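Enquirer: upload_23.txt is the file, holding compact mmCIF, N, CA and C atoms:
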```txt
# COMPACT_ATOMS: atom_id res chain seq x y z
N MET B 1 73.81 -194.10 53.22
CA MET B 1 72.73 -195.04 53.05
C MET B 1 73.14 -196.38 53.68
N GLU B 2 72.29 -196.90 54.53
CA GLU B 2 72.57 -198.17 55.19
C GLU B 2 72.23 -199.33 54.25
N LYS B 3 73.16 -200.27 54.09
CA LYS B 3 72.96 -201.43 53.22
C LYS B 3 71.96 -202.40 53.82
N VAL B 4 71.15 -203.01 52.96
CA VAL B 4 70.26 -204.10 53.36
C VAL B 4 70.94 -205.39 52.94
N VAL B 5 71.25 -206.23 53.92
CA VAL B 5 71.96 -207.48 53.66
C VAL B 5 71.15 -208.63 54.26
N LEU B 6 70.71 -209.54 53.40
CA LEU B 6 70.00 -210.73 53.84
C LEU B 6 70.68 -211.94 53.21
N ASP B 7 70.51 -213.11 53.84
CA ASP B 7 71.07 -214.31 53.23
C ASP B 7 70.08 -214.87 52.20
N GLU B 8 70.51 -215.87 51.46
CA GLU B 8 69.70 -216.42 50.37
C GLU B 8 68.33 -216.89 50.86
N THR B 9 68.28 -217.55 51.99
CA THR B 9 67.02 -218.04 52.55
C THR B 9 66.06 -216.89 52.84
N GLN B 10 66.58 -215.81 53.42
CA GLN B 10 65.74 -214.66 53.72
C GLN B 10 65.21 -214.00 52.44
N TRP B 11 66.06 -213.87 51.41
CA TRP B 11 65.60 -213.29 50.14
C TRP B 11 64.53 -214.18 49.52
N ARG B 12 64.71 -215.49 49.55
CA ARG B 12 63.74 -216.41 48.96
C ARG B 12 62.38 -216.31 49.65
N LYS B 13 62.38 -216.07 50.96
CA LYS B 13 61.11 -215.90 51.70
C LYS B 13 60.43 -214.59 51.34
N ARG B 14 61.21 -213.57 51.03
CA ARG B 14 60.70 -212.22 50.79
C ARG B 14 60.22 -212.01 49.34
N LEU B 15 60.82 -212.75 48.40
CA LEU B 15 60.58 -212.50 46.98
C LEU B 15 59.87 -213.67 46.30
N THR B 16 59.19 -213.38 45.18
CA THR B 16 58.62 -214.45 44.37
C THR B 16 59.77 -215.18 43.68
N PRO B 17 59.54 -216.38 43.14
CA PRO B 17 60.61 -217.06 42.43
C PRO B 17 61.20 -216.24 41.27
N MET B 18 60.37 -215.53 40.51
CA MET B 18 60.88 -214.71 39.40
C MET B 18 61.68 -213.52 39.93
N GLN B 19 61.19 -212.87 40.98
CA GLN B 19 61.93 -211.76 41.57
C GLN B 19 63.29 -212.23 42.08
N PHE B 20 63.32 -213.39 42.72
CA PHE B 20 64.58 -213.92 43.23
C PHE B 20 65.53 -214.22 42.08
N SER B 21 65.03 -214.85 41.04
CA SER B 21 65.86 -215.20 39.87
C SER B 21 66.50 -213.97 39.24
N VAL B 22 65.72 -212.92 39.07
CA VAL B 22 66.24 -211.71 38.42
C VAL B 22 67.08 -210.88 39.38
N CYS B 23 66.54 -210.56 40.53
CA CYS B 23 67.20 -209.64 41.45
C CYS B 23 68.42 -210.23 42.16
N ARG B 24 68.37 -211.49 42.52
CA ARG B 24 69.44 -212.07 43.32
C ARG B 24 70.37 -212.98 42.51
N GLN B 25 69.87 -213.47 41.33
CA GLN B 25 70.70 -214.37 40.52
C GLN B 25 71.03 -213.79 39.14
N LYS B 26 70.73 -212.52 38.94
CA LYS B 26 71.07 -211.80 37.70
C LYS B 26 70.39 -212.37 36.46
N GLY B 27 69.14 -212.79 36.65
CA GLY B 27 68.36 -213.28 35.52
C GLY B 27 67.72 -212.13 34.76
N THR B 28 66.79 -212.46 33.88
CA THR B 28 66.03 -211.43 33.17
C THR B 28 64.64 -211.96 32.89
N GLU B 29 63.68 -211.07 32.82
CA GLU B 29 62.33 -211.47 32.45
C GLU B 29 62.21 -211.38 30.93
N PRO B 30 61.31 -212.14 30.34
CA PRO B 30 61.14 -212.05 28.89
C PRO B 30 60.68 -210.65 28.48
N PRO B 31 61.13 -210.17 27.31
CA PRO B 31 60.69 -208.85 26.85
C PRO B 31 59.18 -208.81 26.67
N PHE B 32 58.60 -207.64 26.89
CA PHE B 32 57.17 -207.37 26.72
C PHE B 32 56.29 -208.16 27.69
N SER B 33 56.87 -208.73 28.74
CA SER B 33 56.10 -209.54 29.68
C SER B 33 55.90 -208.83 31.03
N GLY B 34 56.70 -207.82 31.32
CA GLY B 34 56.67 -207.20 32.64
C GLY B 34 55.55 -206.20 32.82
N GLU B 35 55.18 -206.01 34.05
CA GLU B 35 54.08 -205.12 34.44
C GLU B 35 54.31 -203.67 34.03
N TYR B 36 55.55 -203.21 33.99
CA TYR B 36 55.80 -201.79 33.80
C TYR B 36 56.37 -201.39 32.43
N TYR B 37 56.59 -202.32 31.51
CA TYR B 37 57.22 -201.92 30.25
C TYR B 37 56.38 -200.91 29.48
N ALA B 38 55.05 -201.02 29.51
CA ALA B 38 54.19 -200.06 28.79
C ALA B 38 53.39 -199.19 29.76
N PHE B 39 53.67 -199.27 31.03
CA PHE B 39 52.94 -198.55 32.07
C PHE B 39 53.20 -197.04 31.96
N LYS B 40 52.15 -196.22 32.14
CA LYS B 40 52.28 -194.77 31.95
C LYS B 40 51.99 -193.96 33.21
N GLY B 41 51.85 -194.59 34.37
CA GLY B 41 51.52 -193.86 35.59
C GLY B 41 52.59 -192.86 36.00
N GLU B 42 52.16 -191.84 36.75
CA GLU B 42 53.10 -190.83 37.26
C GLU B 42 53.42 -191.13 38.72
N GLY B 43 54.72 -191.26 38.99
CA GLY B 43 55.13 -191.57 40.35
C GLY B 43 56.57 -192.01 40.42
N LEU B 44 56.85 -192.80 41.44
CA LEU B 44 58.20 -193.22 41.77
C LEU B 44 58.31 -194.74 41.69
N TYR B 45 59.35 -195.21 41.02
CA TYR B 45 59.65 -196.64 40.96
C TYR B 45 60.66 -196.96 42.06
N ARG B 46 60.35 -197.99 42.84
CA ARG B 46 61.19 -198.39 43.97
C ARG B 46 61.72 -199.81 43.77
N CYS B 47 62.77 -200.15 44.47
CA CYS B 47 63.35 -201.49 44.44
C CYS B 47 62.40 -202.46 45.12
N VAL B 48 62.08 -203.56 44.47
CA VAL B 48 61.18 -204.56 45.04
C VAL B 48 61.81 -205.25 46.25
N CYS B 49 63.12 -205.28 46.32
CA CYS B 49 63.81 -205.96 47.42
C CYS B 49 63.87 -205.13 48.69
N CYS B 50 64.19 -203.83 48.56
CA CYS B 50 64.43 -203.02 49.77
C CYS B 50 63.63 -201.73 49.84
N GLY B 51 62.90 -201.37 48.78
CA GLY B 51 62.08 -200.17 48.80
C GLY B 51 62.80 -198.88 48.46
N ALA B 52 64.08 -198.95 48.11
CA ALA B 52 64.83 -197.74 47.77
C ALA B 52 64.24 -197.07 46.52
N ALA B 53 64.23 -195.74 46.51
CA ALA B 53 63.77 -194.98 45.34
C ALA B 53 64.80 -195.14 44.22
N LEU B 54 64.34 -195.59 43.04
CA LEU B 54 65.25 -195.86 41.94
C LEU B 54 65.06 -194.93 40.74
N PHE B 55 63.80 -194.74 40.30
CA PHE B 55 63.53 -193.96 39.08
C PHE B 55 62.24 -193.17 39.24
N GLU B 56 62.19 -192.02 38.58
CA GLU B 56 60.98 -191.19 38.51
C GLU B 56 60.28 -191.45 37.17
N SER B 57 58.96 -191.43 37.19
CA SER B 57 58.21 -191.68 35.96
C SER B 57 58.52 -190.64 34.88
N ARG B 58 58.85 -189.41 35.24
CA ARG B 58 59.16 -188.38 34.25
C ARG B 58 60.38 -188.73 33.40
N ASP B 59 61.21 -189.66 33.90
CA ASP B 59 62.42 -190.06 33.19
C ASP B 59 62.25 -191.39 32.44
N LYS B 60 61.02 -191.90 32.39
CA LYS B 60 60.72 -193.16 31.69
C LYS B 60 60.39 -192.85 30.24
N PHE B 61 60.80 -193.75 29.33
CA PHE B 61 60.47 -193.58 27.91
C PHE B 61 60.29 -194.95 27.28
N ASP B 62 59.62 -194.97 26.13
CA ASP B 62 59.39 -196.21 25.40
C ASP B 62 60.57 -196.45 24.47
N SER B 63 61.40 -197.42 24.82
CA SER B 63 62.59 -197.73 24.03
C SER B 63 62.30 -198.75 22.92
N GLY B 64 61.13 -199.37 22.99
CA GLY B 64 60.79 -200.40 22.02
C GLY B 64 61.44 -201.74 22.30
N THR B 65 62.12 -201.86 23.42
CA THR B 65 62.85 -203.09 23.74
C THR B 65 62.01 -204.11 24.50
N GLY B 66 60.90 -203.69 25.10
CA GLY B 66 60.08 -204.60 25.89
C GLY B 66 60.35 -204.57 27.37
N TRP B 67 61.25 -203.70 27.80
CA TRP B 67 61.53 -203.51 29.23
C TRP B 67 61.37 -202.03 29.56
N PRO B 68 61.01 -201.70 30.79
CA PRO B 68 60.96 -200.29 31.18
C PRO B 68 62.33 -199.65 30.98
N SER B 69 62.34 -198.45 30.42
CA SER B 69 63.59 -197.74 30.17
C SER B 69 63.52 -196.34 30.75
N PHE B 70 64.63 -195.91 31.32
CA PHE B 70 64.72 -194.62 31.99
C PHE B 70 65.98 -193.90 31.53
N THR B 71 65.94 -192.56 31.57
CA THR B 71 67.12 -191.79 31.15
C THR B 71 68.08 -191.51 32.30
N ARG B 72 67.61 -191.65 33.54
CA ARG B 72 68.48 -191.40 34.70
C ARG B 72 67.83 -191.97 35.96
N PRO B 73 68.65 -192.21 36.99
CA PRO B 73 68.11 -192.67 38.27
C PRO B 73 67.45 -191.53 39.03
N ALA B 74 66.67 -191.87 40.04
CA ALA B 74 65.99 -190.87 40.87
C ALA B 74 66.99 -189.95 41.55
N THR B 75 68.11 -190.51 42.00
CA THR B 75 69.20 -189.74 42.59
C THR B 75 70.52 -190.35 42.10
N PRO B 76 71.59 -189.57 42.09
CA PRO B 76 72.87 -190.13 41.65
C PRO B 76 73.35 -191.30 42.51
N GLU B 77 72.92 -191.37 43.77
CA GLU B 77 73.36 -192.41 44.69
C GLU B 77 72.50 -193.67 44.64
N ALA B 78 71.41 -193.67 43.88
CA ALA B 78 70.45 -194.78 43.89
C ALA B 78 71.00 -196.07 43.30
N LEU B 79 71.88 -195.97 42.33
CA LEU B 79 72.35 -197.14 41.59
C LEU B 79 73.85 -197.30 41.66
N GLU B 80 74.30 -198.53 41.43
CA GLU B 80 75.71 -198.81 41.24
C GLU B 80 75.86 -199.48 39.88
N GLU B 81 77.00 -199.26 39.24
CA GLU B 81 77.27 -199.82 37.93
C GLU B 81 78.45 -200.78 38.01
N HIS B 82 78.35 -201.89 37.26
CA HIS B 82 79.38 -202.92 37.27
C HIS B 82 79.60 -203.42 35.84
N GLU B 83 80.83 -203.73 35.51
CA GLU B 83 81.12 -204.31 34.20
C GLU B 83 80.55 -205.72 34.14
N ASP B 84 79.87 -206.03 33.04
CA ASP B 84 79.26 -207.34 32.83
C ASP B 84 79.78 -207.90 31.51
N LEU B 85 80.56 -208.96 31.58
CA LEU B 85 81.13 -209.59 30.38
C LEU B 85 80.43 -210.90 30.03
N GLY B 86 79.28 -211.15 30.63
CA GLY B 86 78.55 -212.38 30.38
C GLY B 86 77.90 -212.43 29.01
N HIS B 87 77.56 -213.63 28.60
CA HIS B 87 76.85 -213.87 27.34
C HIS B 87 77.61 -213.35 26.12
N GLY B 88 78.94 -213.31 26.21
CA GLY B 88 79.75 -212.88 25.08
C GLY B 88 79.63 -211.41 24.73
N MET B 89 79.14 -210.61 25.68
CA MET B 89 78.95 -209.17 25.45
C MET B 89 79.69 -208.37 26.51
N ARG B 90 79.90 -207.12 26.22
CA ARG B 90 80.45 -206.18 27.20
C ARG B 90 79.35 -205.17 27.48
N ARG B 91 78.81 -205.23 28.72
CA ARG B 91 77.70 -204.36 29.11
C ARG B 91 77.97 -203.77 30.49
N THR B 92 77.12 -202.84 30.86
CA THR B 92 77.18 -202.26 32.20
C THR B 92 75.95 -202.71 32.97
N GLU B 93 76.17 -203.51 33.99
CA GLU B 93 75.09 -203.97 34.86
C GLU B 93 74.72 -202.85 35.82
N VAL B 94 73.43 -202.75 36.14
CA VAL B 94 72.93 -201.76 37.09
C VAL B 94 72.34 -202.51 38.28
N THR B 95 72.77 -202.12 39.49
CA THR B 95 72.25 -202.72 40.71
C THR B 95 71.75 -201.64 41.66
N CYS B 96 70.88 -202.03 42.58
CA CYS B 96 70.41 -201.13 43.63
C CYS B 96 71.57 -200.88 44.59
N ALA B 97 71.84 -199.63 44.86
CA ALA B 97 72.95 -199.28 45.76
C ALA B 97 72.68 -199.71 47.20
N ARG B 98 71.43 -199.84 47.56
CA ARG B 98 71.09 -200.17 48.95
C ARG B 98 71.16 -201.67 49.26
N CYS B 99 70.73 -202.52 48.28
CA CYS B 99 70.66 -203.96 48.58
C CYS B 99 71.38 -204.84 47.56
N ASP B 100 72.01 -204.22 46.57
CA ASP B 100 72.76 -204.93 45.54
C ASP B 100 71.90 -205.78 44.61
N ALA B 101 70.60 -205.53 44.54
CA ALA B 101 69.74 -206.27 43.63
C ALA B 101 70.12 -205.96 42.19
N HIS B 102 70.21 -207.00 41.36
CA HIS B 102 70.40 -206.81 39.92
C HIS B 102 69.10 -206.22 39.38
N LEU B 103 69.21 -205.13 38.61
CA LEU B 103 68.03 -204.47 38.06
C LEU B 103 67.96 -204.61 36.54
N GLY B 104 69.09 -204.53 35.88
CA GLY B 104 69.14 -204.57 34.43
C GLY B 104 70.48 -204.06 33.95
N HIS B 105 70.45 -203.34 32.81
CA HIS B 105 71.70 -202.85 32.21
C HIS B 105 71.56 -201.41 31.73
N LEU B 106 72.69 -200.76 31.57
CA LEU B 106 72.78 -199.38 31.12
C LEU B 106 73.41 -199.36 29.73
N PHE B 107 72.78 -198.62 28.80
CA PHE B 107 73.28 -198.53 27.44
C PHE B 107 73.39 -197.05 27.03
N PRO B 108 74.34 -196.73 26.17
CA PRO B 108 74.55 -195.33 25.75
C PRO B 108 73.74 -194.94 24.52
N ASP B 109 72.49 -195.44 24.42
CA ASP B 109 71.69 -195.17 23.22
C ASP B 109 70.32 -194.58 23.55
N GLY B 110 70.22 -193.85 24.66
CA GLY B 110 68.96 -193.27 25.08
C GLY B 110 68.75 -191.87 24.51
N PRO B 111 67.58 -191.30 24.76
CA PRO B 111 67.26 -189.97 24.27
C PRO B 111 67.89 -188.86 25.12
N ALA B 112 67.77 -187.64 24.66
CA ALA B 112 68.19 -186.47 25.43
C ALA B 112 67.34 -186.41 26.71
N PRO B 113 67.78 -185.87 27.76
CA PRO B 113 68.97 -185.04 27.86
C PRO B 113 70.25 -185.82 28.19
N THR B 114 70.13 -187.11 28.59
CA THR B 114 71.32 -187.83 29.06
C THR B 114 71.98 -188.70 27.98
N GLY B 115 71.20 -189.14 27.00
CA GLY B 115 71.72 -190.09 26.02
C GLY B 115 71.87 -191.49 26.58
N LEU B 116 71.31 -191.73 27.77
CA LEU B 116 71.45 -193.03 28.43
C LEU B 116 70.11 -193.77 28.42
N ARG B 117 70.21 -195.11 28.45
CA ARG B 117 69.03 -195.96 28.56
C ARG B 117 69.27 -196.98 29.66
N TYR B 118 68.60 -196.79 30.78
CA TYR B 118 68.62 -197.75 31.86
C TYR B 118 67.51 -198.75 31.54
N CYS B 119 67.88 -199.93 31.10
CA CYS B 119 66.95 -200.98 30.69
C CYS B 119 66.74 -201.89 31.90
N ILE B 120 65.54 -201.81 32.50
CA ILE B 120 65.30 -202.38 33.82
C ILE B 120 64.19 -203.44 33.76
N ASN B 121 64.37 -204.53 34.46
CA ASN B 121 63.34 -205.56 34.55
C ASN B 121 62.19 -205.08 35.42
N SER B 122 60.96 -205.21 34.93
CA SER B 122 59.77 -204.80 35.70
C SER B 122 59.70 -205.51 37.04
N VAL B 123 60.06 -206.77 37.07
CA VAL B 123 59.94 -207.58 38.27
C VAL B 123 60.81 -207.05 39.42
N CYS B 124 61.75 -206.20 39.10
CA CYS B 124 62.64 -205.61 40.12
C CYS B 124 62.04 -204.36 40.75
N LEU B 125 60.89 -203.93 40.25
CA LEU B 125 60.32 -202.64 40.64
C LEU B 125 58.97 -202.76 41.31
N THR B 126 58.68 -201.79 42.16
CA THR B 126 57.31 -201.51 42.62
C THR B 126 57.04 -200.07 42.22
N PHE B 127 55.78 -199.68 42.19
CA PHE B 127 55.43 -198.33 41.76
C PHE B 127 54.63 -197.64 42.85
N GLU B 128 55.00 -196.40 43.12
CA GLU B 128 54.31 -195.57 44.11
C GLU B 128 53.79 -194.32 43.39
N PRO B 129 52.47 -194.20 43.22
CA PRO B 129 51.93 -193.03 42.54
C PRO B 129 52.24 -191.75 43.30
N HIS B 130 52.37 -190.65 42.57
CA HIS B 130 52.57 -189.35 43.22
C HIS B 130 51.38 -189.06 44.13
N GLY B 131 51.64 -188.38 45.22
CA GLY B 131 50.57 -188.00 46.15
C GLY B 131 50.32 -189.02 47.24
N ARG B 132 51.08 -190.08 47.29
CA ARG B 132 50.90 -191.09 48.35
C ARG B 132 51.87 -190.87 49.47
```
Just give me the structure of the file as structure tokens.
Expert:
Amino acid sequence: MEKVVLDETQWRKRLTPMQFSVCRQKGTEPPFSGEYYAFKGEGLYRCVCCGAALFESRDKFDSGTGWPSFTRPATPEALEEHEDLGHGMRRTEVTCARCDAHLGHLFPDGPAPTGLRYCINSVCLTFEPHGR
């Protein structure tokens, strides 16, 4: 997979201020505020920065946290994981493997079959319905 690398000025031109804050500066959107936290459409979630396929709707579930949650990525190569020791916590940060966009965090408290919860900011995603 070829990496997408842009400088800060290029990302700022391409993204909204909220998208830039979350994706490029590791921010977060407020819970229950994002477009996709309660969204039920069938299709593919892509990275808002580079368009890479990240998650399938069949793997989305309602975690009650206020952010879209998934049990697994669309492909094993779609995401990268990094240790995050910020805010006095030990967490696993999830980024897009293609462009390094911060997406959210991974927690070991999800449902079967994986037991994982990829807690992702809506602002980091676009949605492509099946059949397009």
Enquirer: Fewer than 4 positions away in the same chain doesn't count, so skip those; otherwise give me all residues within 6 Å of region 96-112 of chain B, counting only C-alpha atoms, as a VMD selection string.
Expert: chain B and resid 3 to 4 23 to 24 26 78 to 80 92 116 to 121 124
Enquirer: List every residue of chain B that DSSP, applied to the backbone of this structure, assigns to strand (DSSP E or B), and report them as a PDB file with N, CA and C atoms, keeping the file's coordinate frame.
Expert:
```pdb
ATOM      1  N   GLY B  43      54.720-191.260  38.990  1.00  0.00           N
ATOM      2  CA  GLY B  43      55.130-191.570  40.350  1.00  0.00           C
ATOM      3  C   GLY B  43      56.570-192.010  40.420  1.00  0.00           C
ATOM      4  N   LEU B  44      56.850-192.800  41.440  1.00  0.00           N
ATOM      5  CA  LEU B  44      58.200-193.220  41.770  1.00  0.00           C
ATOM      6  C   LEU B  44      58.310-194.740  41.690  1.00  0.00           C
ATOM      7  N   TYR B  45      59.350-195.210  41.020  1.00  0.00           N
ATOM      8  CA  TYR B  45      59.650-196.640  40.960  1.00  0.00           C
ATOM      9  C   TYR B  45      60.660-196.960  42.060  1.00  0.00           C
ATOM     10  N   ARG B  46      60.350-197.990  42.840  1.00  0.00           N
ATOM     11  CA  ARG B  46      61.190-198.390  43.970  1.00  0.00           C
ATOM     12  C   ARG B  46      61.720-199.810  43.770  1.00  0.00           C
ATOM     13  N   CYS B  47      62.770-200.150  44.470  1.00  0.00           N
ATOM     14  CA  CYS B  47      63.350-201.490  44.440  1.00  0.00           C
ATOM     15  C   CYS B  47      62.400-202.460  45.120  1.00  0.00           C
ATOM     16  N   ALA B  53      64.230-195.740  46.510  1.00  0.00           N
ATOM     17  CA  ALA B  53      63.770-194.980  45.340  1.00  0.00           C
ATOM     18  C   ALA B  53      64.800-195.140  44.220  1.00  0.00           C
ATOM     19  N   LEU B  54      64.340-195.590  43.040  1.00  0.00           N
ATOM     20  CA  LEU B  54      65.250-195.860  41.940  1.00  0.00           C
ATOM     21  C   LEU B  54      65.060-194.930  40.740  1.00  0.00           C
ATOM     22  N   PHE B  55      63.800-194.740  40.300  1.00  0.00           N
ATOM     23  CA  PHE B  55      63.530-193.960  39.080  1.00  0.00           C
ATOM     24  C   PHE B  55      62.240-193.170  39.240  1.00  0.00           C
ATOM     25  N   GLU B  56      62.190-192.020  38.580  1.00  0.00           N
ATOM     26  CA  GLU B  56      60.980-191.190  38.510  1.00  0.00           C
ATOM     27  C   GLU B  56      60.280-191.450  37.170  1.00  0.00           C
ATOM     28  N   LYS B  60      61.020-191.900  32.390  1.00  0.00           N
ATOM     29  CA  LYS B  60      60.720-193.160  31.690  1.00  0.00           C
ATOM     30  C   LYS B  60      60.390-192.850  30.240  1.00  0.00           C
ATOM     31  N   PHE B  61      60.800-193.750  29.330  1.00  0.00           N
ATOM     32  CA  PHE B  61      60.470-193.580  27.910  1.00  0.00           C
ATOM     33  C   PHE B  61      60.290-194.950  27.280  1.00  0.00           C
ATOM     34  N   SER B  69      62.340-198.450  30.420  1.00  0.00           N
ATOM     35  CA  SER B  69      63.590-197.740  30.170  1.00  0.00           C
ATOM     36  C   SER B  69      63.520-196.340  30.750  1.00  0.00           C
ATOM     37  N   PHE B  70      64.630-195.910  31.320  1.00  0.00           N
ATOM     38  CA  PHE B  70      64.720-194.620  31.990  1.00  0.00           C
ATOM     39  C   PHE B  70      65.980-193.900  31.530  1.00  0.00           C
ATOM     40  N   LEU B  79      71.880-195.970  42.330  1.00  0.00           N
ATOM     41  CA  LEU B  79      72.350-197.140  41.590  1.00  0.00           C
ATOM     42  C   LEU B  79      73.850-197.300  41.660  1.00  0.00           C
ATOM     43  N   GLU B  80      74.300-198.530  41.430  1.00  0.00           N
ATOM     44  CA  GLU B  80      75.710-198.810  41.240  1.00  0.00           C
ATOM     45  C   GLU B  80      75.860-199.480  39.880  1.00  0.00           C
ATOM     46  N   GLU B  81      77.000-199.260  39.240  1.00  0.00           N
ATOM     47  CA  GLU B  81      77.270-199.820  37.930  1.00  0.00           C
ATOM     48  C   GLU B  81      78.450-200.780  38.010  1.00  0.00           C
ATOM     49  N   HIS B  82      78.350-201.890  37.260  1.00  0.00           N
ATOM     50  CA  HIS B  82      79.380-202.920  37.270  1.00  0.00           C
ATOM     51  C   HIS B  82      79.600-203.420  35.840  1.00  0.00           C
ATOM     52  N   GLU B  83      80.830-203.730  35.510  1.00  0.00           N
ATOM     53  CA  GLU B  83      81.120-204.310  34.200  1.00  0.00           C
ATOM     54  C   GLU B  83      80.550-205.720  34.140  1.00  0.00           C
ATOM     55  N   ASP B  84      79.870-206.030  33.040  1.00  0.00           N
ATOM     56  CA  ASP B  84      79.260-207.340  32.830  1.00  0.00           C
ATOM     57  C   ASP B  84      79.780-207.900  31.510  1.00  0.00           C
ATOM     58  N   ARG B  91      78.810-205.230  28.720  1.00  0.00           N
ATOM     59  CA  ARG B  91      77.700-204.360  29.110  1.00  0.00           C
ATOM     60  C   ARG B  91      77.970-203.770  30.490  1.00  0.00           C
ATOM     61  N   THR B  92      77.120-202.840  30.860  1.00  0.00           N
ATOM     62  CA  THR B  92      77.180-202.260  32.200  1.00  0.00           C
ATOM     63  C   THR B  92      75.950-202.710  32.970  1.00  0.00           C
ATOM     64  N   GLU B  93      76.170-203.510  33.990  1.00  0.00           N
ATOM     65  CA  GLU B  93      75.090-203.970  34.860  1.00  0.00           C
ATOM     66  C   GLU B  93      74.720-202.850  35.820  1.00  0.00           C
ATOM     67  N   VAL B  94      73.430-202.750  36.140  1.00  0.00           N
ATOM     68  CA  VAL B  94      72.930-201.760  37.090  1.00  0.00           C
ATOM     69  C   VAL B  94      72.340-202.510  38.280  1.00  0.00           C
ATOM     70  N   THR B  95      72.770-202.120  39.490  1.00  0.00           N
ATOM     71  CA  THR B  95      72.250-202.720  40.710  1.00  0.00           C
ATOM     72  C   THR B  95      71.750-201.640  41.660  1.00  0.00           C
ATOM     73  N   CYS B  96      70.880-202.030  42.580  1.00  0.00           N
ATOM     74  CA  CYS B  96      70.410-201.130  43.630  1.00  0.00           C
ATOM     75  C   CYS B  96      71.570-200.880  44.590  1.00  0.00           C
ATOM     76  N   HIS B 102      70.210-207.000  41.360  1.00  0.00           N
ATOM     77  CA  HIS B 102      70.400-206.810  39.920  1.00  0.00           C
ATOM     78  C   HIS B 102      69.100-206.220  39.380  1.00  0.00           C
ATOM     79  N   LEU B 103      69.210-205.130  38.610  1.00  0.00           N
ATOM     80  CA  LEU B 103      68.030-204.470  38.060  1.00  0.00           C
ATOM     81  C   LEU B 103      67.960-204.610  36.540  1.00  0.00           C
ATOM     82  N   GLY B 104      69.090-204.530  35.880  1.00  0.00           N
ATOM     83  CA  GLY B 104      69.140-204.570  34.430  1.00  0.00           C
ATOM     84  C   GLY B 104      70.480-204.060  33.950  1.00  0.00           C
ATOM     85  N   HIS B 105      70.450-203.340  32.810  1.00  0.00           N
ATOM     86  CA  HIS B 105      71.700-202.850  32.210  1.00  0.00           C
ATOM     87  C   HIS B 105      71.560-201.410  31.730  1.00  0.00           C
ATOM     88  N   LEU B 106      72.690-200.760  31.570  1.00  0.00           N
ATOM     89  CA  LEU B 106      72.780-199.380  31.120  1.00  0.00           C
ATOM     90  C   LEU B 106      73.410-199.360  29.730  1.00  0.00           C
ATOM     91  N   PHE B 107      72.780-198.620  28.800  1.00  0.00           N
ATOM     92  CA  PHE B 107      73.280-198.530  27.440  1.00  0.00           C
ATOM     93  C   PHE B 107      73.390-197.050  27.030  1.00  0.00           C
ATOM     94  N   ARG B 117      70.210-195.110  28.450  1.00  0.00           N
ATOM     95  CA  ARG B 117      69.030-195.960  28.560  1.00  0.00           C
ATOM     96  C   ARG B 117      69.270-196.980  29.660  1.00  0.00           C
ATOM     97  N   TYR B 118      68.600-196.790  30.780  1.00  0.00           N
ATOM     98  CA  TYR B 118      68.620-197.750  31.860  1.00  0.00           C
ATOM     99  C   TYR B 118      67.510-198.750  31.540  1.00  0.00           C
ATOM    100  N   CYS B 119      67.880-199.930  31.100  1.00  0.00           N
ATOM    101  CA  CYS B 119      66.950-200.980  30.690  1.00  0.00           C
ATOM    102  C   CYS B 119      66.740-201.890  31.900  1.00  0.00           C
ATOM    103  N   ILE B 120      65.540-201.810  32.500  1.00  0.00           N
ATOM    104  CA  ILE B 120      65.300-202.380  33.820  1.00  0.00           C
ATOM    105  C   ILE B 120      64.190-203.440  33.760  1.00  0.00           C
ATOM    106  N   LEU B 125      60.890-203.930  40.250  1.00  0.00           N
ATOM    107  CA  LEU B 125      60.320-202.640  40.640  1.00  0.00           C
ATOM    108  C   LEU B 125      58.970-202.760  41.310  1.00  0.00           C
ATOM    109  N   THR B 126      58.680-201.790  42.160  1.00  0.00           N
ATOM    110  CA  THR B 126      57.310-201.510  42.620  1.00  0.00           C
ATOM    111  C   THR B 126      57.040-200.070  42.220  1.00  0.00           C
ATOM    112  N   PHE B 127      55.780-199.680  42.190  1.00  0.00           N
ATOM    113  CA  PHE B 127      55.430-198.330  41.760  1.00  0.00           C
ATOM    114  C   PHE B 127      54.630-197.640  42.850  1.00  0.00           C
ATOM    115  N   GLU B 128      55.000-196.400  43.120  1.00  0.00           N
ATOM    116  CA  GLU B 128      54.310-195.570  44.110  1.00  0.00           C
ATOM    117  C   GLU B 128      53.790-194.320  43.390  1.00  0.00           C
ATOM    118  N   PRO B 129      52.470-194.200  43.220  1.00  0.00           N
ATOM    119  CA  PRO B 129      51.930-193.030  42.540  1.00  0.00           C
ATOM    120  C   PRO B 129      52.240-191.750  43.300  1.00  0.00           C
TER     121      PRO B 129
END
```
Enquirer: Just the number, please: distance in Å from atom C of Tyr37 (chain B) to atom N of Asp59 (chain B), one decimal.
Expert: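 Taking atom C of Tyr37 (chain B) and atom N of Asp59 (chain B), their separation equals 13.0 Å.
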Enquirer: Taking into account only C-alpha atoms, which residue in the set B:Glu29, B:Cys49, B:Met1, B:Glu77 is nearest to Lys13 (chain B)?
Expert: B:Cys49
Enquirer: Here is a test: counting only C-alpha atoms, which residue of B:Val94, B:Asp7, B:His87, B:Glu35 is nearest to Phe20 (chain B)?
Expert: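 Closest to Phe20 (chain B) of all the choices is B:Asp7.
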Enquirer: I need the residues in chain B that are helix (DSSP H, G or I) according to DSSP; give them as a list in words.
Expert: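 Answer for chain B, restricted to helix (DSSP H, G or I): Glu8, Thr9, Gln10, Trp11, Arg12, Lys13, Arg14, Pro17, Met18, Gln19, Phe20, Ser21, Val22, Cys23, Ser57, Arg58, Asp59, Gly86, His87, Gly88, Ser122, Val123 and Cys124 of chain B.
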Enquirer: State, in Å with one decimal place, the distance from CA of Thr75 (chain B) to CA of Ala52 (chain B).
Expert: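 It comes out at 10.5 Å.
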Enquirer: If I take atom N of Gly34 (chain B) and atom N of Gly66 (chain B), how far is one from the other in Å, to one decimal?
Expert: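 Calculated distance between atom N of Gly34 (chain B) and atom N of Gly66 (chain B) is 8.6 Å.
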Enquirer: Using only C-alpha atoms for the distances, tell me which of B:Glu83, B:Pro129, B:Thr95, B:Gln10 is nearest to Val22 (chain B).
Expert: B:Thr95
